[in-house]
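Quick notes on the structure that follows.
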Amino acid sequence: MILKKEFIHIFRDKITLFLVLAMPIALVLLFGFTISSEIRNAKISVLDQANDTQSKQLCKKLSASGYFQIVSYPGSEQEADSDFKLKNIKLALVIPPHFEESLSREHIATLQVINDVSDLNVASILNNYVRAVVHDFENDYNSTADMAQNFTINIKMLYNPTSNSVYMFVPGIITLIMILVTALMTSITLAREKETGTMRMLLITPVSKIHIIIGKVIPYMIISFLSTIIILVISVLVFKMPINGSIPFLLFLCIIFMLTSASFGMLISSVSTSQLDAMMITMMGLFLPTVLLSGFLFPLNSMPLFFQLLANIFPAKWFILAIKDVMIKGSGFMDIWRYMLVLFLMAVVFIAFSIRQLDKRN
Amino acid sequence: MYSIVADQLTKQFGTFTAVDHISFQVKRGEIFGFLGANGAGKTTAIKMMSGLLLPTSGTATIAGYDILTQSKLIKKHIGYMSQRFSLYNDLTVFENMQLFGTIYKIPRKELKDRIYESLRSLDMEKQSGTLVSSIPLGWKQKLAFATAILHHPDIVFLDEPTSGVDPIVRREFWKLIYQTASQGVTILVTTHYMDEAEYCNRISIMSDGQMKLIGTPSELKEQMGVNSVDEVFVKFVNR
Amino acid sequence: MRTILILIKKEFLQVFRNPLLISILVVAPLVQFVIFPFCADYEIKMLDIAFIDNDRSSISKDIINTFNSSGYFIPHGVLQSQSEAEEMMRHDKIDILIEIPARFEHDLYTGQPTQISSTANAINTVKAGIGTGYVQEVIGDYMRQFSERNKLPDQFGARNAEIKLSNVYWYNEQMNYKNLIVPGILVILVTLIGCYVTALNLVREKEIGTIEQVNVTPIRRWQFLIGKMIPFWILGMTEFIAGLFIMKIVFGITVQGSIPMLLGVTAIYLLVMLGLGFFISSVAENQLQAMFIVLFLFIVFVLLSGLFTPTEGMPDWAHKINYFNPMSFFMEVIKKVVLKGGDFLSVQKETIVLSVMAVVINTGAILSYRESSK
């Protein structure tokens with residue numbers, strides 16, 4: 001009965017329903033297409049002080065590599081500086097005067113790479129590209145090769161051969177959406193009932209507390225389950241993400257996590273008095289820590305120890321570990337039961353606490 | 001000279017007609033009551049007359065201004081108190097009155113005088129620095145009324161001002177209404193308390209968006225051959 | 001004017017009387033600002049690495065030592081078998097595995113084809129990409145030195161020029177990773193204040209019904225919106241200035257360009273965000289909807305702004321969307337002014353775009369805010 005009432009509520013608020021279902025789609029597509037550590041056509045400047053055949057040859061090689069797009073040839077470092085600011089170049093290469101002559105007579109020349117290290121990661125990626133292009137150029141010029149000519153590095157990307165960033169964030173988005181829908185919606189609807197006093201009315205009816213809460217929570221769990229399936233379908237169809245583990249097991253894992261987030265939502269609503277409270281506590285106490293501390297966007301092991309420890313108390317970390325293993329490595333129950341146990345215990349604790357809280361008030 | 005002239009005022013929400021071609025006139029200084037069950041269209045009618053809602057068809061003239069073209073001018077001459085309490089809970093009594101008084105461009109000095117005068121008459125001087133959230137509902141309603149008439153409007157719209165308030169406060173509230181009306185202010189009030197209807201100069205009974213009956217309480221009682229407005233209403237519903 | 005002043009006063013009174021709102025508006029952002037950069041750090045400081053050495057020669061040992069002393073990696077020793085390595089990678093004990101083939105040294109000296117394998121756990125592509133970059137750098141350097149030391153004597157007639165690269169680092173000489181993320185987070189916080197809080201505030205008045213009481217008064221809608229906007233604008237600016245101080249004191253980042261100019265652009269940016277917040281609040285029916293819309297836009301803005309991932313890697317359509325993303329323009333301004341010391345000329349384009357956005361969105365907000373509904 002309560003279940004039905006809640007569904008009626010949800011379907012009446014069509015805008016919210018639309019947002020809840022459209023958001024995961026948009027998020028997956030956005031993340032999928034925009035997050036990439038590969039850089040193509042980065043804008044660079046070449047400060048060519050030599051302006052001879054070899055320097056031009058080098059420029060040609062830089063452009064042909066596909067990594068770079070030479071947007072200007074500044075005459076001085078000052079000009080290069082303004083190119084960084086005005087033309088958004090990411091790197092400037094300085095070719096010394098008499099480049100060709102140095103190469104042929106002294107057999108040595110030094111190029112200067114000016115890196116914009118305001119973004120260190122971009123700088124280090126571009127630096128590697130330059131290194132590769134220049135090394136290539138050197139070999140071309142010498143038209144022979146060095147001792148290690150037949151040496152190559154064979155690079156393998158394990159678990160994700162095409163280096164597709166979808167692998168990294170799909171588990172993260174599933175987590176975020178589940179938290180947003182299940183925890184946030186649960187906490188807000190429960191808080192709303194409290195705010196308007198309808199909760200008290202329900203509580204004096206002979207329906208048991210557990211039923212009331214289950215009735216409130218299940219609709220949101222179903223919606224977030226739908227969102228999860230949408231995300232999975234898009235990641236498989238559009239981004240060719242494999243699901244190496246068993247799909248029923250994966251869905252079971254998601255249900256466990258939904259239970260944990262729903263109980264977290266209950267916990268929040270049991271300590272807040274208004275919708276605004278609930279919303280803010282969910283945002284600050286659950287959503288942001290999930291984004292930051294779940295290891296989804298930012299590598300956990302490069303954080304200070306304190307944050308690494310703090311991450312353990314948020315369910316998201318455990319779920320992401322588990323879902324990644326199942327989807328990508330094809331792990332089964334025996335591999336990840338520890339994570340599931342943690343999630344389950346968290347749910348039990350949260351539920352017990354919120355029921356006690358509910359008792360206290362009435 | 002009528003304060004309110006409604007002419008075939010109609011409001012439709014989709015296929016649902018909330019207010020269905022109502023026409024009536026209210027004289028200056030008159031207390032005019034809108035009676036009807038919940039959902040009869042009372043609030044919608046009031047919202048159209050106070051410029052919160054545009055009518056689907058028909059028009060009305062409020063204090064001599066047309067609601068379709070002169071809503072800005074109308075707003076200067078009316079006071080409004082809504083069904084839900086709508087002063088700011090997190091402001092004090094004084095701050096609320098100051099806020100609305102300033103919006104109506106009452107000069108600073110005069111505003112202060114008016115606020116204290118009005119609080120004195122409500123016997124709420126001590127509460128001027130209290131947060132509105134911490135005063136009892138009955139007082140809140142009186143306060144909302146005092147705020148609505150602070151700028152000396154020609155017409156005051158009261159939308160179920162006494163719902164949920166105890167009988168004693170209700171009586172006090174009606175005393176305020178009488179006082180205000182005696183100064184020549186037109187009052188349009190909606191209610192579903194039939195005993196309150198007896199206090200009005202004239203009443204109209206609305207049902208399904210239509211104005212079914214209109215007249216002084218005694219006229220209506222006579223017409224239906226009963227002793228109270230309550231019975232008028234019951235008889236009307238059963239008809 | 002008096003009307004606007006009293007509205008501003010009202011807003012401030014309400015903010016300062018609500019301890020929760022204060023903590024959301026002031027305390028939370030500042031605390032987050034101090035804490036986040038420690039979490040939201042994309043720096044891949046230490047990657048766990050292990051080796052399989054099938055050669056066990058002096059060169060293979062030398063290479064392993066070079067890796068271990070490079071400072072990029074946490075060494076986990078030389079493993080015995082492929083299966084052991086797989087097991088470790090499976091449990092996220094190592095990020096990168098380097099495998100040196102048998103007869104590596106021999107093949108190298110005799111010029112026969114040989115290759116070192118580098119296997120990265122690529123679930124986290126960023127980590128794998130950067131780690132692989134380090135591997136290439138370490139091995140590449142080693143091989144160049146190796147070739148130097150062992151010049152082939154019989155390469156008669158061949159040219160043997162060498163090109164050296166010297167690196168110069170601009171705009172962040174200390175190579176501080178926090179330099180980008182800290183100003184970026186400041187932008188995020190200012191955006192949240194501007195957009196989220198204003199949207200919720202107005203929708204709340206709608207939900208409680210107080211807005212109706214205001215709507216029956218003769219107040220003009222632009223007056224009402226300005227009265228709402230100025231307090232939150234002041235809060236946002238205060239927070240931004242406090243953020244600049246924290247940036248300097250806690251993270252040691254000094255604004256390289258002109259601070260008054262930076263504040264000027266921020267003022268415009270805040271107007272865009274406030275307007276957006278109002279626009280959303282007039283579309284949304286309740287706080288929940290407003291929150292979802294803001295959150296959604298917010299995530300899109302942040303993702304496309306180039307804070308966490310370089311815009312160069314994005315497809316064309318993402319660049320096109322970015323023309324409508326105020327945050328990406330403002331992020332550019334911050335990068336240029338705070339980190340590179342850009343002058344007005346360098347942020348002229350962004351400033352103009354933001355100003356246009358401010359005008360458009362606020363006009364939209366005023367027009368869509370209705371005193372009377374249809």
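Identifiers in this document derive from the order of the structure tokens: chains are assigned A, B, ..., residues are numbered from 1 separately in each chain, and ligands are numbered from 1 in order of occurrence.
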Could you pull the residues within 10 Å of Val71 (chain A), counting only C-alpha atoms, minus those fewer than 3 positions along the same chain, as a ChimeraX atom specification?
/A:42-46,68,74,83,87-89
Selection: 12 Å around Thr186 (chain B), only C-alpha atoms, excl. self and same-chain fewer than 6 positions, as a tab-separated table (two decimals) with N, CA and C atoms, in the first residue's frame:
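Contents of the output file out_24.tsv:
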```tsv
chain	number	residue	atom	x	y	z
B	1	MET	N	-20.17	53.78	-6.33
B	1	MET	CA	-18.83	53.42	-6.81
B	1	MET	C	-18.42	52.08	-6.19
B	2	TYR	N	-18.19	51.09	-7.06
B	2	TYR	CA	-17.79	49.78	-6.57
B	2	TYR	C	-16.28	49.65	-6.47
B	3	SER	N	-15.81	48.94	-5.44
B	3	SER	CA	-14.39	48.66	-5.31
B	3	SER	C	-13.98	47.52	-6.21
B	4	ILE	N	-14.85	46.51	-6.24
B	4	ILE	CA	-14.56	45.34	-7.06
B	4	ILE	C	-15.71	45.10	-8.02
B	25	GLN	N	-20.33	42.52	-7.81
B	25	GLN	CA	-19.78	43.82	-7.45
B	25	GLN	C	-19.68	43.92	-5.94
B	26	VAL	N	-18.65	44.58	-5.48
B	26	VAL	CA	-18.50	44.81	-4.04
B	26	VAL	C	-18.33	46.30	-3.82
B	27	LYS	N	-19.11	46.85	-2.88
B	27	LYS	CA	-19.05	48.28	-2.60
B	27	LYS	C	-17.87	48.61	-1.71
B	28	ARG	N	-17.49	49.86	-1.70
B	28	ARG	CA	-16.41	50.32	-0.85
B	28	ARG	C	-16.79	50.13	0.62
B	29	GLY	N	-15.87	49.61	1.42
B	29	GLY	CA	-16.13	49.42	2.84
B	29	GLY	C	-16.97	48.21	3.17
B	30	GLU	N	-17.28	47.43	2.18
B	30	GLU	CA	-18.12	46.26	2.40
B	30	GLU	C	-17.26	45.05	2.79
B	31	ILE	N	-17.84	44.16	3.61
B	31	ILE	CA	-17.16	42.89	3.89
B	31	ILE	C	-17.89	41.83	3.09
B	32	PHE	N	-17.18	41.30	2.09
B	32	PHE	CA	-17.82	40.37	1.17
B	32	PHE	C	-17.25	38.98	1.39
B	33	GLY	N	-18.09	38.01	1.65
B	33	GLY	CA	-17.60	36.67	1.94
B	33	GLY	C	-17.76	35.72	0.77
B	62	ILE	N	-10.49	46.31	-10.21
B	62	ILE	CA	-10.18	46.35	-8.79
B	62	ILE	C	-9.74	47.77	-8.46
B	63	ALA	N	-10.43	48.41	-7.53
B	63	ALA	CA	-10.14	49.78	-7.13
B	63	ALA	C	-10.08	50.70	-8.35
B	77	HIS	N	-2.72	49.11	-4.48
B	77	HIS	CA	-3.92	49.47	-3.73
B	77	HIS	C	-4.56	48.29	-3.01
B	78	ILE	N	-3.93	47.13	-3.07
B	78	ILE	CA	-4.54	46.00	-2.39
B	78	ILE	C	-3.62	45.42	-1.32
B	79	GLY	N	-4.23	44.72	-0.39
B	79	GLY	CA	-3.47	43.93	0.57
B	79	GLY	C	-3.88	42.49	0.35
B	80	TYR	N	-3.01	41.54	0.70
B	80	TYR	CA	-3.31	40.15	0.42
B	80	TYR	C	-2.77	39.27	1.52
B	149	ILE	N	-2.30	45.22	5.78
B	149	ILE	CA	-3.00	46.52	5.71
B	149	ILE	C	-2.09	47.68	6.09
B	152	HIS	N	-2.13	50.83	4.05
B	152	HIS	CA	-3.47	51.39	3.89
B	152	HIS	C	-4.06	51.10	2.52
B	153	PRO	N	-4.25	49.85	2.20
B	153	PRO	CA	-4.81	49.51	0.88
B	153	PRO	C	-6.30	49.85	0.82
B	154	ASP	N	-6.83	49.94	-0.40
B	154	ASP	CA	-8.27	50.17	-0.56
B	154	ASP	C	-9.04	48.88	-0.36
B	155	ILE	N	-8.40	47.79	-0.77
B	155	ILE	CA	-9.08	46.49	-0.72
B	155	ILE	C	-8.13	45.48	-0.09
B	156	VAL	N	-8.68	44.61	0.75
B	156	VAL	CA	-7.85	43.53	1.29
B	156	VAL	C	-8.47	42.20	0.92
B	157	PHE	N	-7.63	41.32	0.35
B	157	PHE	CA	-8.09	39.97	0.04
B	157	PHE	C	-7.59	39.03	1.14
B	158	LEU	N	-8.51	38.33	1.74
B	158	LEU	CA	-8.12	37.40	2.80
B	158	LEU	C	-8.54	36.00	2.38
B	177	ILE	N	-11.08	42.80	11.40
B	177	ILE	CA	-11.66	42.98	10.07
B	177	ILE	C	-12.69	44.11	10.10
B	178	TYR	N	-13.54	44.07	11.13
B	178	TYR	CA	-14.55	45.13	11.26
B	178	TYR	C	-13.94	46.50	11.38
B	179	GLN	N	-12.92	46.57	12.26
B	179	GLN	CA	-12.23	47.85	12.45
B	179	GLN	C	-11.75	48.41	11.13
B	180	THR	N	-11.11	47.51	10.37
B	180	THR	CA	-10.52	47.93	9.11
B	180	THR	C	-11.60	48.36	8.12
B	200	CYS	N	-20.33	38.68	7.66
B	200	CYS	CA	-20.12	39.43	6.42
B	200	CYS	C	-21.34	40.28	6.09
B	201	ASN	N	-21.10	41.39	5.37
B	201	ASN	CA	-22.22	42.19	4.90
B	201	ASN	C	-22.99	41.43	3.84
B	202	ARG	N	-22.20	40.86	2.92
B	202	ARG	CA	-22.85	40.04	1.89
B	202	ARG	C	-21.99	38.80	1.68
```
Report the residues of region 9-52 of chain C whose backbone DSSP state falls under helix (DSSP H, G or I), written as number ranges by chain.
C: 9-17, 19-39
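Every protein, DNA or RNA residue with an atom at most 9 Å from region 237-246 of chain C, where only C-alpha atoms count and chain neighbours fewer than 4 positions away do not, is listed here: Leu25, Val26, Pro29, Leu30, Phe33, Val34, Pro183, Leu186, Val187, Leu189, Val190, Ile193, Phe232, Trp233, Val250, Phe251, Gly252, Ile253, Thr254, Val255, Leu263, Thr266, Ala267 and Leu270 of chain C.
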Residues of chain B within 7 Å of chain C, counting only C-alpha atoms, as a PyMOL selection string
chain B and resi 50-54+72+75-76+80+86-88+90-91+99+102-104
Skip Ala60 (chain B) itself and residues of its chain fewer than 5 positions away, then list as a ChimeraX atom specification all residues within 6 Å of it, counting only C-alpha atoms.
/B:5-7,67
With only C-alpha atoms as the counted atoms, please give the residues lying no more than 8 Å from Glu312 (chain C), apart from itself and same-chain residues fewer than 4 positions off, as number ranges by chain.
A: 39-42
Selected residues written out, C-alpha atoms, as a PDB file, in the first residue's frame:
```
ATOM      1  CA  ILE A  39      46.387  14.369 -26.353  1.00  0.00           C
ATOM      2  CA  ARG A  40      46.139  15.085 -30.034  1.00  0.00           C
ATOM      3  CA  ASN A  41      46.885  18.269 -31.924  1.00  0.00           C
ATOM      4  CA  ALA A  42      48.236  20.110 -28.934  1.00  0.00           C
TER       5      ALA A  42
END
```
Excluding region 336-345 of chain A and its own-chain neighbours fewer than 5 positions away, which residues fall within 7 Å of it when counting only C-alpha atoms? Please give them as a PDB file with N, CA and C atoms, in the first residue's frame.
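result-v2.pdb, written as the output of this step:
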```pdb
ATOM      1  N   ILE A 256      23.057  -5.241  -3.407  1.00  0.00           N
ATOM      2  CA  ILE A 256      23.654  -5.106  -2.066  1.00  0.00           C
ATOM      3  C   ILE A 256      24.049  -3.651  -1.832  1.00  0.00           C
ATOM      4  N   PHE A 257      24.672  -3.060  -2.851  1.00  0.00           N
ATOM      5  CA  PHE A 257      25.124  -1.679  -2.671  1.00  0.00           C
ATOM      6  C   PHE A 257      23.947  -0.719  -2.546  1.00  0.00           C
ATOM      7  N   THR A 260      22.845  -0.739   0.858  1.00  0.00           N
ATOM      8  CA  THR A 260      23.724   0.070   1.702  1.00  0.00           C
ATOM      9  C   THR A 260      23.434   1.550   1.523  1.00  0.00           C
ATOM     10  N   PRO A 315      30.889   3.635   1.946  1.00  0.00           N
ATOM     11  CA  PRO A 315      30.577   2.403   1.225  1.00  0.00           C
ATOM     12  C   PRO A 315      31.127   2.398  -0.210  1.00  0.00           C
ATOM     13  N   TRP A 318      34.319   0.470  -1.283  1.00  0.00           N
ATOM     14  CA  TRP A 318      34.237  -0.993  -1.330  1.00  0.00           C
ATOM     15  C   TRP A 318      33.474  -1.455  -2.548  1.00  0.00           C
ATOM     16  N   PHE A 319      32.421  -0.718  -2.864  1.00  0.00           N
ATOM     17  CA  PHE A 319      31.620  -1.121  -4.009  1.00  0.00           C
ATOM     18  C   PHE A 319      32.417  -0.980  -5.300  1.00  0.00           C
ATOM     19  N   ALA A 322      34.762  -3.755  -5.728  1.00  0.00           N
ATOM     20  CA  ALA A 322      34.094  -5.006  -6.073  1.00  0.00           C
ATOM     21  C   ALA A 322      33.598  -4.999  -7.519  1.00  0.00           C
TER      22      ALA A 322
END
```
Just list as a ChimeraX atom specification whatever in region 32-150 of chain C DSSP marks as strand (DSSP E or B).
/C:47-53,73-79,96-100,114-121
Would you export the selected residues with C-alpha atoms as a PDB file, in the first residue's frame, please?
```pdb
ATOM      1  CA  LEU C  47      53.459   3.487  -9.037  1.00  0.00           C
ATOM      2  CA  ASP C  48      53.974  -0.024  -7.828  1.00  0.00           C
ATOM      3  CA  ILE C  49      56.294  -1.889 -10.121  1.00  0.00           C
ATOM      4  CA  ALA C  50      57.672  -5.415 -10.304  1.00  0.00           C
ATOM      5  CA  PHE C  51      60.003  -7.181 -12.685  1.00  0.00           C
ATOM      6  CA  ILE C  52      60.454 -10.513 -14.327  1.00  0.00           C
ATOM      7  CA  ASP C  53      64.036 -10.967 -15.318  1.00  0.00           C
ATOM      8  CA  PHE C  73      58.207   3.769  -8.729  1.00  0.00           C
ATOM      9  CA  ILE C  74      57.832   1.696  -5.598  1.00  0.00           C
ATOM     10  CA  PRO C  75      59.762  -1.486  -6.399  1.00  0.00           C
ATOM     11  CA  HIS C  76      58.211  -4.799  -5.491  1.00  0.00           C
ATOM     12  CA  GLY C  77      61.187  -6.890  -6.466  1.00  0.00           C
ATOM     13  CA  VAL C  78      61.929  -9.444  -9.120  1.00  0.00           C
ATOM     14  CA  LEU C  79      59.202 -12.030  -9.437  1.00  0.00           C
ATOM     15  CA  ILE C  96      53.277  -2.063 -13.875  1.00  0.00           C
ATOM     16  CA  LEU C  97      55.194  -5.169 -14.723  1.00  0.00           C
ATOM     17  CA  ILE C  98      58.480  -5.023 -16.615  1.00  0.00           C
ATOM     18  CA  GLU C  99      59.583  -8.158 -18.304  1.00  0.00           C
ATOM     19  CA  ILE C 100      63.114  -8.558 -19.620  1.00  0.00           C
ATOM     20  CA  THR C 114      64.794  -7.816 -28.718  1.00  0.00           C
ATOM     21  CA  GLN C 115      62.164  -6.153 -26.649  1.00  0.00           C
ATOM     22  CA  ILE C 116      61.301  -5.344 -23.082  1.00  0.00           C
ATOM     23  CA  SER C 117      57.632  -5.724 -22.221  1.00  0.00           C
ATOM     24  CA  SER C 118      55.883  -3.254 -20.052  1.00  0.00           C
ATOM     25  CA  THR C 119      52.472  -4.335 -18.856  1.00  0.00           C
ATOM     26  CA  ALA C 120      50.292  -1.768 -17.174  1.00  0.00           C
ATOM     27  CA  ASN C 121      47.096  -2.327 -15.283  1.00  0.00           C
TER      28      ASN C 121
END
```
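Picture a line from CA of Leu274 (chain C) to CA of Cys195 (chain C); it runs 5.3 Å.
All residues of protein, DNA or RNA that reach within 9 Å of region 306-313 of chain A, judged by only C-alpha atoms and not counting those fewer than 5 positions away in the chain, are Pro289, Thr290, Leu292, Leu293, Ser294, Gly295, Leu300, Asn301, Trp318 and Met346 of chain A; Phe38 and Cys39 of chain C.
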Can I get the selected residues back with N, CA and C atoms, as a JSON list (two decimals), in the first residue's frame?
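Saved result, out_35.json, follows:
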```json
[["chain", "number", "residue", "atom", "x", "y", "z"],
["A", 289, "PRO", "N", 32.36, 13.03, -0.61],
["A", 289, "PRO", "CA", 33.34, 12.00, -0.25],
["A", 289, "PRO", "C", 33.38, 10.86, -1.27],
["A", 290, "THR", "N", 32.21, 10.57, -1.85],
["A", 290, "THR", "CA", 32.20, 9.51, -2.85],
["A", 290, "THR", "C", 33.01, 9.90, -4.07],
["A", 292, "LEU", "N", 35.37, 12.11, -4.21],
["A", 292, "LEU", "CA", 36.78, 12.34, -3.92],
["A", 292, "LEU", "C", 37.51, 11.12, -3.39],
["A", 293, "LEU", "N", 36.83, 10.38, -2.54],
["A", 293, "LEU", "CA", 37.56, 9.36, -1.78],
["A", 293, "LEU", "C", 37.30, 7.92, -2.22],
["A", 294, "SER", "N", 36.55, 7.76, -3.30],
["A", 294, "SER", "CA", 36.25, 6.38, -3.66],
["A", 294, "SER", "C", 37.31, 5.80, -4.58],
["A", 295, "GLY", "N", 38.25, 6.62, -4.98],
["A", 295, "GLY", "CA", 39.27, 6.14, -5.89],
["A", 295, "GLY", "C", 38.76, 6.11, -7.32],
["A", 300, "LEU", "N", 43.59, 6.73, -5.02],
["A", 300, "LEU", "CA", 43.62, 6.74, -3.56],
["A", 300, "LEU", "C", 45.03, 6.71, -3.01],
["A", 301, "ASN", "N", 45.91, 5.95, -3.67],
["A", 301, "ASN", "CA", 47.21, 5.76, -3.05],
["A", 301, "ASN", "C", 48.15, 6.95, -3.19],
["A", 318, "TRP", "N", 34.32, 0.47, -1.28],
["A", 318, "TRP", "CA", 34.24, -0.99, -1.33],
["A", 318, "TRP", "C", 33.47, -1.46, -2.55],
["A", 346, "MET", "N", 27.67, -2.70, 6.78],
["A", 346, "MET", "CA", 27.36, -1.27, 6.86],
["A", 346, "MET", "C", 25.86, -1.06, 6.81],
["C", 38, "PHE", "N", 44.23, 17.92, -1.30],
["C", 38, "PHE", "CA", 45.00, 16.77, -0.88],
["C", 38, "PHE", "C", 44.42, 15.48, -1.45],
["C", 39, "CYS", "N", 43.09, 15.50, -1.65],
["C", 39, "CYS", "CA", 42.45, 14.31, -2.22],
["C", 39, "CYS", "C", 42.47, 14.38, -3.73]]
```
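For the pair CA of Phe264 (chain A) and CA of Ile212 (chain A), the separation is 16.4 Å.
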